[in-house]
$ cat work.txt   # compact mmCIF, C-alpha atoms
# COMPACT_ATOMS: atom_id res chain seq x y z
CA MET A 1 -11.95 -16.16 26.50
CA GLN A 2 -11.20 -16.04 30.18
CA GLU A 3 -9.92 -12.78 31.64
CA ARG A 4 -6.43 -14.17 32.09
CA ALA A 5 -6.23 -15.33 28.46
CA VAL A 6 -7.36 -11.91 27.26
CA ARG A 7 -4.65 -10.29 29.40
CA THR A 8 -1.96 -12.66 28.11
CA ARG A 9 -2.98 -12.01 24.52
CA GLN A 10 -2.72 -8.25 25.11
CA LEU A 11 0.71 -8.67 26.76
CA LEU A 12 1.89 -10.66 23.73
CA LEU A 13 0.52 -8.09 21.30
CA GLN A 14 2.28 -5.29 23.18
CA ALA A 15 5.56 -7.24 23.39
CA ALA A 16 5.39 -8.10 19.68
CA ALA A 17 4.69 -4.46 18.84
CA GLU A 18 7.74 -3.32 20.82
CA GLU A 19 9.97 -5.82 19.00
CA PHE A 20 8.54 -5.08 15.53
CA ASP A 21 8.71 -1.32 16.12
CA ALA A 22 12.36 -1.49 17.16
CA CYS A 23 13.69 -4.22 14.84
CA GLY A 24 11.27 -4.75 11.96
CA TYR A 25 9.64 -8.00 10.90
CA ALA A 26 12.65 -9.97 9.67
CA ALA A 27 14.79 -9.43 12.78
CA THR A 28 12.04 -10.25 15.27
CA GLY A 29 11.85 -13.79 16.66
CA LEU A 30 8.91 -15.44 18.42
CA SER A 31 11.06 -16.50 21.39
CA LYS A 32 12.09 -12.88 21.97
CA ILE A 33 8.43 -11.80 21.89
CA ALA A 34 7.45 -14.53 24.37
CA LYS A 35 10.36 -13.63 26.68
CA ARG A 36 9.47 -9.94 26.62
CA ALA A 37 5.84 -10.77 27.43
CA GLY A 38 6.96 -13.09 30.25
CA VAL A 39 5.22 -16.15 28.80
CA THR A 40 6.37 -19.39 27.17
CA VAL A 41 6.62 -19.87 23.41
CA GLY A 42 3.94 -22.54 23.82
CA SER A 43 1.61 -19.94 25.29
CA LEU A 44 2.37 -17.63 22.35
CA TYR A 45 1.38 -20.41 19.94
CA PHE A 46 -1.86 -20.86 21.88
CA HIS A 47 -2.80 -17.28 20.99
CA PHE A 48 -1.16 -16.81 17.55
CA GLU A 49 -0.46 -19.46 14.96
CA SER A 50 2.69 -17.89 13.48
CA LYS A 51 4.88 -14.79 13.27
CA GLU A 52 2.75 -13.69 10.34
CA GLY A 53 -0.36 -14.17 12.47
CA ILE A 54 0.93 -11.99 15.29
CA ALA A 55 2.13 -9.37 12.80
CA LYS A 56 -1.36 -9.21 11.26
CA ALA A 57 -2.91 -8.84 14.74
CA VAL A 58 -0.53 -5.93 15.44
CA MET A 59 -1.42 -4.31 12.09
CA GLN A 60 -5.12 -4.64 12.84
CA ALA A 61 -4.87 -3.20 16.36
CA GLN A 62 -4.21 0.34 15.03
CA PRO A 63 -7.64 1.94 15.50
CA GLN A 64 -7.80 0.83 19.15
CA SER A 65 -4.83 3.15 19.83
CA ILE A 66 -6.86 6.15 18.69
CA GLU A 67 -10.58 5.74 19.28
CA PRO A 68 -10.54 6.00 23.12
CA TYR A 69 -9.26 9.58 22.76
CA LEU A 70 -12.11 10.85 20.55
CA ASP A 71 -15.19 12.72 21.69
CA THR A 72 -16.13 14.77 18.59
CA GLN A 73 -18.36 14.13 15.56
CA GLY A 74 -18.40 14.52 11.78
CA LEU A 75 -15.58 16.39 10.07
CA GLN A 76 -14.02 17.46 13.39
CA ARG A 77 -13.86 13.79 14.42
CA LEU A 78 -12.14 12.90 11.14
CA VAL A 79 -9.58 15.65 11.74
CA ASP A 80 -9.18 14.55 15.38
CA ILE A 81 -8.50 10.93 14.37
CA THR A 82 -5.52 12.16 12.38
CA ARG A 83 -4.42 14.60 15.10
CA VAL A 84 -4.40 11.89 17.79
CA TRP A 85 -2.78 9.45 15.31
CA ALA A 86 0.05 11.92 14.59
CA GLN A 87 0.74 12.32 18.32
CA GLN A 88 0.43 8.61 19.18
CA LEU A 89 2.77 7.65 16.32
CA LEU A 90 5.51 9.46 18.23
CA ARG A 91 5.20 7.23 21.30
CA ASP A 92 2.77 4.28 21.11
CA PRO A 93 4.67 1.09 20.09
CA LEU A 94 1.47 -0.76 19.15
CA LEU A 95 0.48 1.97 16.67
CA ARG A 96 4.06 2.49 15.44
CA ALA A 97 4.55 -1.22 14.79
CA GLY A 98 1.14 -1.50 13.12
CA VAL A 99 1.97 1.30 10.71
CA ARG A 100 5.50 0.03 10.06
CA LEU A 101 4.33 -3.52 9.30
CA SER A 102 1.46 -2.28 7.11
CA VAL A 103 3.86 -0.25 4.96
CA GLU A 104 6.68 -2.81 4.81
CA GLN A 105 4.50 -5.94 4.49
CA GLY A 106 5.38 -6.51 0.80
CA GLY A 107 9.01 -6.95 1.85
CA PHE A 108 8.20 -10.00 3.99
CA GLY A 109 5.66 -11.56 1.67
CA VAL A 110 2.44 -10.51 3.42
CA HIS A 111 -0.48 -8.97 1.52
CA ASP A 112 -3.10 -7.80 4.04
CA VAL A 113 -5.24 -4.78 3.29
CA THR A 114 -7.33 -5.19 6.48
CA SER A 115 -5.77 -2.37 8.51
CA PHE A 116 -6.20 0.08 5.62
CA VAL A 117 -9.84 -0.92 5.22
CA GLN A 118 -10.42 -0.57 8.99
CA TRP A 119 -9.19 3.03 8.82
CA ARG A 120 -11.20 3.67 5.66
CA ASP A 121 -14.39 2.47 7.40
CA VAL A 122 -13.78 4.59 10.52
CA MET A 123 -13.16 7.67 8.38
CA GLU A 124 -16.02 7.02 5.99
CA GLU A 125 -18.41 6.92 8.97
CA CYS A 126 -17.20 10.38 10.07
CA LEU A 127 -17.75 11.68 6.55
CA ARG A 128 -21.27 10.22 6.39
CA ASP A 129 -22.08 11.97 9.68
CA ALA A 130 -20.57 15.16 8.24
CA ARG A 131 -22.76 14.80 5.15
CA GLU A 132 -25.89 14.44 7.31
CA SER A 133 -24.91 17.54 9.30
CA GLY A 134 -24.50 19.53 6.07
CA GLU A 135 -20.73 19.95 6.52
CA LEU A 136 -19.71 18.60 3.09
CA LEU A 137 -19.60 20.34 -0.27
CA PRO A 138 -21.97 18.82 -2.85
CA GLY A 139 -20.36 16.02 -4.86
CA VAL A 140 -17.96 14.92 -2.11
CA ASP A 141 -17.95 11.11 -2.00
CA PRO A 142 -17.37 9.87 1.60
CA ALA A 143 -15.90 6.49 0.55
CA MET A 144 -13.53 8.03 -1.98
CA VAL A 145 -12.39 10.81 0.35
CA ALA A 146 -11.90 8.31 3.19
CA GLU A 147 -9.65 6.13 0.99
CA PHE A 148 -7.65 9.19 -0.01
CA ILE A 149 -7.17 10.34 3.61
CA VAL A 150 -5.94 6.87 4.64
CA SER A 151 -3.57 6.84 1.66
CA ALA A 152 -2.31 10.38 2.25
CA CYS A 153 -1.72 9.78 5.98
CA THR A 154 0.21 6.60 5.13
CA GLY A 155 2.47 8.53 2.79
CA VAL A 156 2.84 11.58 5.03
CA GLN A 157 4.04 9.51 8.00
CA LEU A 158 6.53 7.62 5.78
CA TYR A 159 7.96 10.87 4.42
CA ALA A 160 8.16 12.36 7.94
CA GLN A 161 9.80 9.21 9.26
CA LEU A 162 12.50 9.37 6.58
CA VAL A 163 13.28 13.09 7.00
CA ASN A 164 13.06 13.52 10.79
CA GLU A 165 11.77 10.36 12.50
CA ARG A 166 8.24 11.83 12.36
CA GLU A 167 9.14 14.71 14.69
CA ASP A 168 7.03 17.17 12.64
CA LEU A 169 4.22 14.74 11.76
CA PRO A 170 1.64 16.71 13.80
CA GLU A 171 2.42 19.87 11.79
CA ARG A 172 2.40 17.95 8.48
CA THR A 173 -1.03 16.61 9.38
CA VAL A 174 -2.34 20.14 9.97
CA GLU A 175 -0.89 21.27 6.62
CA MET A 176 -2.64 18.35 4.94
CA TRP A 177 -5.99 19.53 6.29
CA ARG A 178 -5.35 23.15 5.29
CA LEU A 179 -4.89 21.89 1.72
CA LEU A 180 -7.76 19.40 1.73
CA LEU A 181 -10.58 21.08 3.62
CA PRO A 182 -11.40 23.69 0.94
CA GLY A 183 -12.22 20.78 -1.42
CA ILE A 184 -14.33 18.95 1.20
CA ALA A 185 -16.06 21.32 3.65
CA THR A 186 -18.68 23.99 3.02
CA PRO A 187 -17.42 27.57 3.48
CA GLY A 188 -19.55 27.86 6.64
CA THR A 189 -17.97 24.73 8.17
CA LEU A 190 -14.33 25.62 7.42
CA PRO A 191 -13.73 28.22 10.18
CA ARG A 192 -15.34 25.98 12.80
CA ILE A 193 -12.81 23.13 12.35
CA ASP A 194 -10.08 23.15 15.02
CA LEU A 195 -6.81 22.20 13.31
CA GLU A 196 -4.19 22.83 15.96
CA PRO A 197 -2.02 19.80 16.75
CA ARG A 198 -3.54 18.00 19.69
CA GLY A 199 -1.32 18.05 22.79
CA GLU A 200 -0.74 15.33 25.35
CA SER A 201 -3.98 13.79 26.41
CA MET B 1 32.39 6.76 -18.56
CA GLN B 2 32.78 5.10 -21.92
CA GLU B 3 29.67 4.42 -23.94
CA ARG B 4 29.90 0.67 -23.31
CA ALA B 5 30.20 1.12 -19.55
CA VAL B 6 27.16 3.40 -19.57
CA ARG B 7 25.20 0.79 -21.50
CA THR B 8 26.26 -2.03 -19.14
CA ARG B 9 25.29 0.05 -16.10
CA GLN B 10 21.86 0.68 -17.64
CA LEU B 11 21.44 -3.05 -18.40
CA LEU B 12 22.30 -3.89 -14.79
CA LEU B 13 19.89 -1.26 -13.46
CA GLN B 14 17.10 -2.63 -15.64
CA ALA B 15 17.85 -6.26 -14.67
CA ALA B 16 17.98 -5.35 -10.98
CA ALA B 17 14.68 -3.49 -11.29
CA GLU B 18 13.01 -6.52 -12.89
CA GLU B 19 14.23 -8.79 -10.06
CA PHE B 20 13.35 -6.34 -7.26
CA ASP B 21 9.94 -5.62 -8.80
CA ALA B 22 9.11 -9.33 -9.02
CA CYS B 23 10.73 -10.70 -5.85
CA GLY B 24 11.47 -7.81 -3.46
CA TYR B 25 14.80 -6.92 -1.89
CA ALA B 26 15.38 -9.92 0.39
CA ALA B 27 14.78 -12.58 -2.28
CA THR B 28 16.93 -10.92 -4.96
CA GLY B 29 20.54 -12.08 -5.35
CA LEU B 30 23.35 -10.27 -7.14
CA SER B 31 24.21 -13.33 -9.25
CA LYS B 32 20.64 -13.44 -10.57
CA ILE B 33 20.83 -9.76 -11.49
CA ALA B 34 24.15 -10.25 -13.28
CA LYS B 35 22.82 -13.31 -15.14
CA ARG B 36 19.69 -11.45 -16.25
CA ALA B 37 21.82 -8.54 -17.48
CA GLY B 38 24.14 -10.96 -19.31
CA VAL B 39 27.27 -9.81 -17.45
CA THR B 40 29.57 -11.32 -14.83
CA VAL B 41 29.18 -10.69 -11.11
CA GLY B 42 32.63 -9.05 -11.31
CA SER B 43 31.28 -6.56 -13.83
CA LEU B 44 28.31 -5.87 -11.53
CA TYR B 45 30.73 -5.07 -8.69
CA PHE B 46 32.61 -2.71 -11.02
CA HIS B 47 29.41 -0.63 -11.31
CA PHE B 48 27.78 -1.11 -7.90
CA GLU B 49 29.49 -1.80 -4.60
CA SER B 50 26.71 -3.88 -3.03
CA LYS B 51 23.09 -5.00 -3.25
CA GLU B 52 22.21 -1.96 -1.17
CA GLY B 53 24.10 0.21 -3.67
CA ILE B 54 22.21 -1.12 -6.68
CA ALA B 55 18.89 -0.85 -4.77
CA LYS B 56 19.60 2.82 -4.03
CA ALA B 57 20.43 3.43 -7.72
CA VAL B 58 17.09 1.84 -8.70
CA MET B 59 15.25 3.98 -6.14
CA GLN B 60 16.92 7.12 -7.47
CA ALA B 61 16.19 6.35 -11.14
CA GLN B 62 12.45 7.05 -10.70
CA PRO B 63 12.19 10.55 -12.23
CA GLN B 64 13.98 9.41 -15.41
CA SER B 65 10.98 7.13 -16.11
CA ILE B 66 8.67 10.15 -16.21
CA GLU B 67 10.41 13.28 -17.38
CA PRO B 68 10.87 12.31 -21.06
CA TYR B 69 7.08 12.21 -21.43
CA LEU B 70 6.42 15.76 -20.22
CA ASP B 71 5.91 18.83 -22.38
CA THR B 72 3.75 21.08 -20.18
CA GLN B 73 4.49 23.78 -17.59
CA GLY B 74 3.41 24.92 -14.13
CA LEU B 75 0.42 23.29 -12.48
CA GLN B 76 -0.46 21.26 -15.59
CA ARG B 77 3.09 19.83 -15.57
CA LEU B 78 2.72 18.87 -11.89
CA VAL B 79 -0.55 17.09 -12.69
CA ASP B 80 1.04 15.46 -15.77
CA ILE B 81 3.96 14.10 -13.72
CA THR B 82 1.47 12.20 -11.58
CA ARG B 83 -0.64 11.14 -14.60
CA VAL B 84 2.37 9.66 -16.41
CA TRP B 85 3.62 8.16 -13.12
CA ALA B 86 0.27 6.41 -12.54
CA GLN B 87 0.40 4.89 -16.04
CA GLN B 88 4.08 3.94 -15.92
CA LEU B 89 3.64 2.26 -12.52
CA LEU B 90 1.44 -0.29 -14.27
CA ARG B 91 4.20 -1.41 -16.64
CA ASP B 92 7.69 0.07 -16.13
CA PRO B 93 9.80 -2.29 -13.96
CA LEU B 94 12.39 0.43 -13.21
CA LEU B 95 9.72 2.74 -11.77
CA ARG B 96 7.81 -0.10 -10.06
CA ALA B 97 10.95 -1.41 -8.36
CA GLY B 98 12.02 2.11 -7.37
CA VAL B 99 8.68 2.76 -5.69
CA ARG B 100 8.58 -0.68 -4.06
CA LEU B 101 12.09 -0.37 -2.61
CA SER B 102 11.47 3.21 -1.43
CA VAL B 103 8.39 2.11 0.52
CA GLU B 104 9.80 -1.15 1.89
CA GLN B 105 13.35 0.10 2.61
CA GLY B 106 12.86 0.09 6.40
CA GLY B 107 12.29 -3.65 6.24
CA PHE B 108 15.78 -4.31 4.88
CA GLY B 109 17.63 -1.77 6.99
CA VAL B 110 18.05 1.02 4.44
CA HIS B 111 17.22 4.64 5.25
CA ASP B 112 17.49 6.71 2.07
CA VAL B 113 15.26 9.73 1.55
CA THR B 114 16.94 10.70 -1.76
CA SER B 115 14.21 9.49 -4.13
CA PHE B 116 11.53 11.32 -2.12
CA VAL B 117 13.58 14.53 -2.18
CA GLN B 118 14.17 14.16 -5.94
CA TRP B 119 10.41 14.05 -6.51
CA ARG B 120 9.88 16.92 -4.06
CA ASP B 121 12.38 19.07 -6.02
CA VAL B 122 10.82 18.27 -9.41
CA MET B 123 7.35 19.09 -8.09
CA GLU B 124 8.45 22.20 -6.21
CA GLU B 125 9.89 23.59 -9.47
CA CYS B 126 6.51 23.13 -11.19
CA LEU B 127 4.81 24.94 -8.31
CA ARG B 128 7.31 27.83 -8.46
CA ASP B 129 6.58 28.18 -12.19
CA ALA B 130 2.86 28.04 -11.37
CA ARG B 131 3.32 30.79 -8.78
CA GLU B 132 5.10 33.01 -11.34
CA SER B 133 2.28 32.44 -13.84
CA GLY B 134 -0.32 33.46 -11.25
CA GLU B 135 -1.86 29.97 -11.06
CA LEU B 136 -1.60 29.57 -7.26
CA LEU B 137 -3.87 30.85 -4.52
CA PRO B 138 -2.19 33.31 -2.14
CA GLY B 139 -0.53 31.58 0.81
CA VAL B 140 0.23 28.32 -1.04
CA ASP B 141 3.78 27.24 -0.13
CA PRO B 142 5.40 25.40 -3.09
CA ALA B 143 7.84 23.40 -0.91
CA MET B 144 5.15 22.31 1.53
CA VAL B 145 2.66 21.39 -1.19
CA ALA B 146 5.35 19.49 -3.12
CA GLU B 147 6.19 17.40 -0.03
CA PHE B 148 2.52 16.66 0.48
CA ILE B 149 1.99 15.57 -3.15
CA VAL B 150 5.00 13.21 -2.96
CA SER B 151 3.67 11.80 0.32
CA ALA B 152 0.09 11.46 -0.94
CA CYS B 153 1.16 9.75 -4.18
CA THR B 154 3.31 7.31 -2.17
CA GLY B 155 0.33 6.38 -0.03
CA VAL B 156 -2.18 6.28 -2.89
CA GLN B 157 -0.10 3.81 -4.90
CA LEU B 158 0.41 1.59 -1.83
CA TYR B 159 -3.33 1.52 -1.14
CA ALA B 160 -4.10 0.81 -4.82
CA GLN B 161 -1.48 -1.93 -4.90
CA LEU B 162 -3.04 -3.67 -1.90
CA VAL B 163 -6.64 -3.46 -3.13
CA ASN B 164 -6.24 -4.19 -6.86
CA GLU B 165 -2.58 -4.30 -7.89
CA ARG B 166 -2.78 -0.60 -8.82
CA GLU B 167 -5.30 -1.26 -11.62
CA ASP B 168 -7.26 1.93 -10.76
CA LEU B 169 -4.26 4.08 -9.82
CA PRO B 170 -4.84 6.48 -12.77
CA GLU B 171 -8.41 7.15 -11.55
CA ARG B 172 -7.27 7.52 -7.92
CA THR B 173 -4.71 10.08 -9.08
CA VAL B 174 -7.43 12.12 -10.83
CA GLU B 175 -9.60 11.98 -7.67
CA MET B 176 -6.64 13.24 -5.65
CA TRP B 177 -6.37 16.29 -7.89
CA ARG B 178 -10.12 16.98 -7.78
CA LEU B 179 -9.79 17.16 -3.99
CA LEU B 180 -6.53 19.11 -3.89
CA LEU B 181 -6.80 21.67 -6.66
CA PRO B 182 -9.46 23.86 -4.98
CA GLY B 183 -6.96 24.46 -2.13
CA ILE B 184 -4.07 25.20 -4.54
CA ALA B 185 -5.21 26.81 -7.81
CA THR B 186 -6.95 30.14 -8.44
CA PRO B 187 -10.57 29.83 -9.57
CA GLY B 188 -9.52 31.01 -13.05
CA THR B 189 -6.87 28.29 -13.36
CA LEU B 190 -9.02 25.37 -12.19
CA PRO B 191 -11.11 24.79 -15.35
CA ARG B 192 -7.98 24.97 -17.55
CA ILE B 193 -6.29 21.97 -15.87
CA ASP B 194 -6.67 18.75 -17.88
CA LEU B 195 -7.20 15.92 -15.38
CA GLU B 196 -8.15 12.97 -17.55
CA PRO B 197 -5.92 9.91 -17.07
CA ARG B 198 -3.19 10.05 -19.66
CA GLY B 199 -3.40 7.18 -22.16
CA GLU B 200 -0.61 5.15 -23.71
CA SER B 201 2.18 7.37 -24.94
$ encode --input "work.txt" --output "structure tokens"
Amino acid sequence: MQERAVRTRQLLLQAAAEEFDACGYAATGLSKIAKRAGVTVGSLYFHFESKEGIAKAVMQAQPQSIEPYLDTQGLQRLVDITRVWAQQLLRDPLLRAGVRLSVEQGGFGVHDVTSFVQWRDVMEECLRDARESGELLPGVDPAMVAEFIVSACTGVQLYAQLVNEREDLPERTVEMWRLLLPGIATPGTLPRIDLEPRGES
Amino acid sequence: MQERAVRTRQLLLQAAAEEFDACGYAATGLSKIAKRAGVTVGSLYFHFESKEGIAKAVMQAQPQSIEPYLDTQGLQRLVDITRVWAQQLLRDPLLRAGVRLSVEQGGFGVHDVTSFVQWRDVMEECLRDARESGELLPGVDPAMVAEFIVSACTGVQLYAQLVNEREDLPERTVEMWRLLLPGIATPGTLPRIDLEPRGES
């Protein structure tokens, strides 16, 4: 794609995310997305074939809101993914909309596991690195643990959203790790993992 | 309420659950619920003030699908709640609809944390019993752990639903406990906890 087309697509994705984050899937119209992005509806249809198509693109853009902030490896990287995620979910419309649509998708007739699998793959890679560095207890299965972390994070953010609009999500994420790490990390690795909520980056 | 009114309310709740489970909130109409229950729409309005009202009642009926099956205490009871829940989610429309509506509620403009708090309270009580029986590691906070288990179960069932219609939810629930118990239970308690998926009851 040409540079301008790439930029327009990103503008549309961002505009769609802002609408979906604020209003949900059902109440969001394509003309409102196009208007917010400053492009025509025809241009929107050049980039996305339908409302469902743009919603799926928003859902699948989640990891790109996190990965630029990471510079660690292994188990610390896995923890850091969730620390950055907990902070970004308070303020990044693209991530917020992606999470919202992924959770609510059954309500508007979409069934797309892609975003969950993307997260699973990113996390499984961290756990495989951790295994190679000797950070994991014997018997810990990277794929299984990665699926559980994705699942648990999904549930933790939903609970936090319902009780306090996710205000304490960073602390809930730390508590999750305090519970989980003894079943995952070797005793020698445990004290080296930095769990404090990650501040503004 | 008179016995007949109680029975009619239960029929309506069951009929609503079957519709919500199969079609979701948006596609379910009150007249279809009334027809399925074999009552008039007027009778439905005598028991529930709106579609939102009956959806909230379905969401809040979740624990009643589980508690009759439990006869254990403390940490084993907490594990058993999730084992029965994982089995019942494969076949009980009232529980399935309650979970579905609780997760998707943001998509139809409802914000009701009640069902999550109900589960939190049930689980926190198990953890307080476990604490009194010396089953918990020092520093384990029953309220915090209970909120995490509710959150994790919510996410685990959503993930399982998207990948295989929850077919392996009982096994995922066991894996969750294998990961979590080392951070919760004393070493002496661990081998006494029965984790096998609970069969048909």
$ residues_around --input "work.txt" --residues "B:Ala15" --least-positions-apart "2" --cutoff "7 Å" --atoms "all atoms listed in the file" --output "PyMOL selection string"
chain B and resi 11-13+17-19+33+36-37
$ closest_atom_pairs --input "work.txt" --of "chain A" --to "chain B" --cutoff "10 Å" --atoms "all atoms listed in the file" --output "tab-separated table"
residue	atom	partner	partner_atom	distance
A:Cys23	CA	B:Gly107	CA	8.7
A:Gly24	CA	B:Gly107	CA	5.9
A:Tyr25	CA	B:Gly107	CA	6.9
A:Ala26	CA	B:Gly107	CA	7.2
A:Ala27	CA	B:Gly107	CA	9.1
A:Arg100	CA	B:Gly106	CA	8.2
A:Leu101	CA	B:Gly107	CA	8.5
A:Ser102	CA	B:Leu158	CA	9.8
A:Val103	CA	B:Glu104	CA	6.7
A:Glu104	CA	B:Glu104	CA	4.6
A:Gln105	CA	B:Glu104	CA	7.6
A:Gly106	CA	B:Glu104	CA	7.0
A:Gly107	CA	B:Glu104	CA	5.9
A:Phe108	CA	B:Gly107	CA	7.9
A:Gly109	CA	B:Gly24	CA	8.6
A:His111	CA	B:Leu162	CA	6.8
A:Asp112	CA	B:Leu162	CA	7.2
A:Val113	CA	B:Leu162	CA	5.7
A:Thr114	CA	B:Leu162	CA	9.5
A:Phe116	CA	B:Tyr159	CA	7.5
A:Val117	CA	B:Val163	CA	9.3
A:Val140	CA	B:Leu179	CA	8.7
A:Met144	CA	B:Glu175	CA	8.0
A:Val145	CA	B:Leu179	CA	8.1
A:Glu147	CA	B:Tyr159	CA	8.1
A:Phe148	CA	B:Val156	CA	6.8
A:Ile149	CA	B:Ala152	CA	8.6
A:Val150	CA	B:Gly155	CA	7.8
A:Ser151	CA	B:Gly155	CA	4.3
A:Ala152	CA	B:Ala152	CA	4.1
A:Cys153	CA	B:Gly155	CA	7.2
A:Thr154	CA	B:Gly155	CA	5.2
A:Gly155	CA	B:Gly155	CA	4.1
A:Val156	CA	B:Ser151	CA	4.8
A:Gln157	CA	B:Ser151	CA	8.0
A:Leu158	CA	B:Ser151	CA	7.4
A:Tyr159	CA	B:Ser151	CA	6.0
A:Ala160	CA	B:Ser151	CA	8.9
A:Gln161	CA	B:Val113	CA	9.5
A:Leu162	CA	B:Val113	CA	5.7
A:Val163	CA	B:Val113	CA	6.7
A:Arg172	CA	B:Phe148	CA	8.1
A:Thr173	CA	B:Phe148	CA	9.6
A:Glu175	CA	B:Met144	CA	8.0
A:Met176	CA	B:Phe148	CA	7.0
A:Trp177	CA	B:Gly183	CA	9.8
A:Arg178	CA	B:Gly183	CA	7.7
A:Leu179	CA	B:Gly183	CA	5.1
A:Leu180	CA	B:Leu180	CA	5.8
A:Leu181	CA	B:Gly183	CA	7.6
A:Pro182	CA	B:Gly183	CA	5.5
A:Gly183	CA	B:Leu179	CA	5.1
A:Ile184	CA	B:Leu179	CA	7.1
$ atom_distance --input "work.txt" --atom1 "atom CA of B:Pro63" --atom2 "atom CA of B:Ser43"
25.7 Å
$ atom_distance --input "work.txt" --atom1 "atom CA of A:Arg91" --atom2 "atom CA of A:Thr28"
19.7 Å
$ atom_distance --input "work.txt" --atom1 "atom CA of A:Arg120" --atom2 "atom CA of A:Ala146"
5.3 Å
$ closest_residue --input "work.txt" --among "A:Cys126, A:Val99, A:Gly139, A:Thr72" --to "A:Asp21" --atoms "only C-alpha atoms"
A:Val99
$ axis_aligned_box --input "work.txt" --around "stretch 114-129 of chain B" --padding-each-side "5 Å" --output "AutoDock Vina command-line options"
--center_x 10.9 --center_y 18.8 --center_z -7.0 --size_x 22.1 --size_y 28.7 --size_z 20.4
$ residues_near_point --input "work.txt" --point "(4.6, 27.8, -12.7)" --cutoff "12 Å" --atoms "all atoms listed in the file" --output "list in words"
Thr72, Gln73, Gly74, Leu75, Gln76, Arg77, Leu78, Val79, Val122, Met123, Glu124, Glu125, Cys126, Leu127, Arg128, Asp129, Ala130, Arg131, Glu132, Ser133, Gly134, Glu135, Leu136, Pro142, Ala185 and Thr189 of chain B
